[in-house]
Amino acid sequence: MLNKKQRLSTNQVAWLIKKGHRFNNESLAIKFHLNKIQENRYSVVVSKKVYPLAVDRNYLRRRLYELIRNSNFKNISTDFIIIIKDHFIQLSPIKQNQVLTEVLQNITNQQ
């Protein structure tokens with residue numbers, strides 16, 4: 001699990017969904033925007049349409065938070081919301097990790 005400094009609050013998520021830049025993929029949608037603190041912050045959104053059971057949504061969310069925590073993404077002072085799509089859950093866990101890592105690295109390299 002990410003520490004509190006690296007997670008977005010509910011109000012921050014609502015603001016970022018309205019104002020953030022969007023990156024779409026067949027598996028993920030990512031909203032991102034620069035922040036004023038010197039650390040990246042993340043939130044993972046898994047819809048009930050993707051996983052009807054809360055147990056499954058929370059498991060996927062925890063797994064992605066752990067991947068982010070153990071990764072070495074460049075710190076660019078950005079807030080990220082990772083929105084999971086249907087296609088993402090059809091991928092194997094290894095492929096899911098690869099897709100998420102590639103997308104976040106592409107975004108961090110562009111800025």
# chains A, B, ... in the order shown; residues from 1 in each chain; ligands from 1
$ select_by_dssp --residues "chain A" --states "strand (DSSP E or B)" --output "list in words"
Arg7, His21, Arg22, Phe23, Asn24, Leu28, Ala29, Ile30, Lys31, Phe32, His33, Leu34, Arg41, Tyr42, Ser43, Val44, Val45, Thr78, Asp79, Phe80, Ile81, Ile82, Ile83 and Ile84 of chain A
$ residues_around --residues "A:Lys18" --least-positions-apart "6" --cutoff "12 Å" --atoms "only C-alpha atoms" --output "list in words"
Asn11, Gln12, Lys31, Phe32, His33 and Ile81 of chain A
$ residues_around --residues "A:Asn72" --least-positions-apart "3" --cutoff "12 Å" --atoms "only C-alpha atoms" --output "PyMOL selection string"
chain A and resi 40+66-69+75-76+101+104-105+108
$ select_by_dssp --residues "stretch 31-97 of chain A" --states "alpha helix (DSSP H)" --output "PyMOL selection string"
chain A and resi 54-70+86-89+93-97
$ closest_residue --among "A:Ser43, A:Asn70, A:Ser27, A:Asn58" --to "A:Val103" --atoms "only C-alpha atoms"
A:Ser27
$ residues_around --residues "A:Val99" --least-positions-apart "4" --cutoff "12 Å" --atoms "only C-alpha atoms" --output "short mmCIF file (atom, residue, chain, number, x, y, z; two decimals) with N, CA and C atoms, in the first residue's frame"
data_model
loop_
_atom_site.label_atom_id
_atom_site.label_comp_id
_atom_site.auth_asym_id
_atom_site.auth_seq_id
_atom_site.Cartn_x
_atom_site.Cartn_y
_atom_site.Cartn_z
N ASN A 25 -5.83 4.48 -23.37
CA ASN A 25 -5.26 3.25 -23.86
C ASN A 25 -6.43 2.28 -23.94
N GLU A 26 -6.27 1.16 -24.62
CA GLU A 26 -7.37 0.20 -24.66
C GLU A 26 -7.59 -0.45 -23.30
N SER A 27 -6.59 -0.42 -22.43
CA SER A 27 -6.68 -1.06 -21.13
C SER A 27 -6.86 -0.07 -19.98
N LEU A 28 -6.34 1.13 -20.15
CA LEU A 28 -6.31 2.11 -19.07
C LEU A 28 -6.69 3.50 -19.57
N ALA A 29 -7.21 4.29 -18.67
CA ALA A 29 -7.33 5.74 -18.89
C ALA A 29 -6.62 6.38 -17.72
N LEU A 64 -2.02 -3.01 -7.75
CA LEU A 64 -1.46 -1.89 -8.52
C LEU A 64 -0.75 -0.89 -7.63
N LEU A 67 2.60 -2.34 -6.97
CA LEU A 67 3.46 -2.19 -8.15
C LEU A 67 4.03 -0.76 -8.21
N ILE A 82 -5.47 6.43 -12.14
CA ILE A 82 -5.43 5.30 -13.07
C ILE A 82 -6.81 4.67 -13.07
N ILE A 84 -9.20 1.85 -14.56
CA ILE A 84 -9.10 0.52 -15.17
C ILE A 84 -10.28 0.29 -16.10
N HIS A 87 -10.80 -4.26 -20.71
CA HIS A 87 -9.73 -5.01 -21.38
C HIS A 87 -8.57 -5.32 -20.43
N PHE A 88 -8.34 -4.48 -19.45
CA PHE A 88 -7.22 -4.64 -18.53
C PHE A 88 -7.35 -5.92 -17.71
N ILE A 89 -8.57 -6.26 -17.28
CA ILE A 89 -8.72 -7.43 -16.42
C ILE A 89 -8.61 -8.74 -17.20
N LEU A 91 -6.19 -9.32 -19.23
CA LEU A 91 -4.75 -9.56 -19.37
C LEU A 91 -4.23 -10.35 -18.17
N SER A 92 -3.14 -11.04 -18.37
CA SER A 92 -2.50 -11.75 -17.25
C SER A 92 -1.89 -10.71 -16.31
N PRO A 93 -1.66 -11.07 -15.04
CA PRO A 93 -1.07 -10.10 -14.10
C PRO A 93 0.29 -9.57 -14.56
N ILE A 94 1.09 -10.39 -15.20
CA ILE A 94 2.39 -9.93 -15.68
C ILE A 94 2.21 -8.89 -16.78
N LYS A 95 1.28 -9.16 -17.69
CA LYS A 95 1.00 -8.22 -18.78
C LYS A 95 0.38 -6.93 -18.23
N VAL A 103 2.89 2.71 -19.69
CA VAL A 103 2.08 3.93 -19.81
C VAL A 103 2.60 5.02 -18.87
N LEU A 104 2.87 4.68 -17.61
CA LEU A 104 3.36 5.68 -16.66
C LEU A 104 4.74 6.20 -17.06
N GLN A 105 5.59 5.33 -17.59
CA GLN A 105 6.90 5.80 -18.02
C GLN A 105 6.79 6.71 -19.23
N ASN A 106 5.87 6.41 -20.15
CA ASN A 106 5.65 7.29 -21.29
C ASN A 106 5.20 8.67 -20.85
#
$ closest_residue --among "A:Asn109, A:Asn97, A:Asn3, A:Asn35" --to "A:Trp15" --atoms "only C-alpha atoms"
A:Asn35
$ residues_around --residues "A:Ile30" --least-positions-apart "6" --cutoff "7 Å" --atoms "only C-alpha atoms" --output "short mmCIF file (atom, residue, chain, number, x, y, z; two decimals) with C-alpha atoms, in the first residue's frame"
data_model
loop_
_atom_site.label_atom_id
_atom_site.label_comp_id
_atom_site.auth_asym_id
_atom_site.auth_seq_id
_atom_site.Cartn_x
_atom_site.Cartn_y
_atom_site.Cartn_z
CA ARG A 22 -6.10 12.52 -20.20
CA PHE A 23 -4.19 9.62 -21.66
CA ASN A 24 -6.26 6.79 -23.14
CA PHE A 80 -2.18 10.42 -11.41
CA ILE A 81 -5.59 8.75 -11.49
CA ILE A 82 -5.43 5.30 -13.07
CA ILE A 83 -8.84 4.23 -14.36
#
$ atom_distance --atom1 "atom CA of A:Ser47" --atom2 "atom CA of A:Arg7"
18.3 Å
$ closest_residue --among "A:Ile107, A:Leu2, A:Thr78, A:Asp86" --to "A:Pro52" --atoms "only C-alpha atoms"
A:Asp86
$ atom_distance --atom1 "atom CA of A:Lys36" --atom2 "atom CA of A:Ser77"
6.9 Å
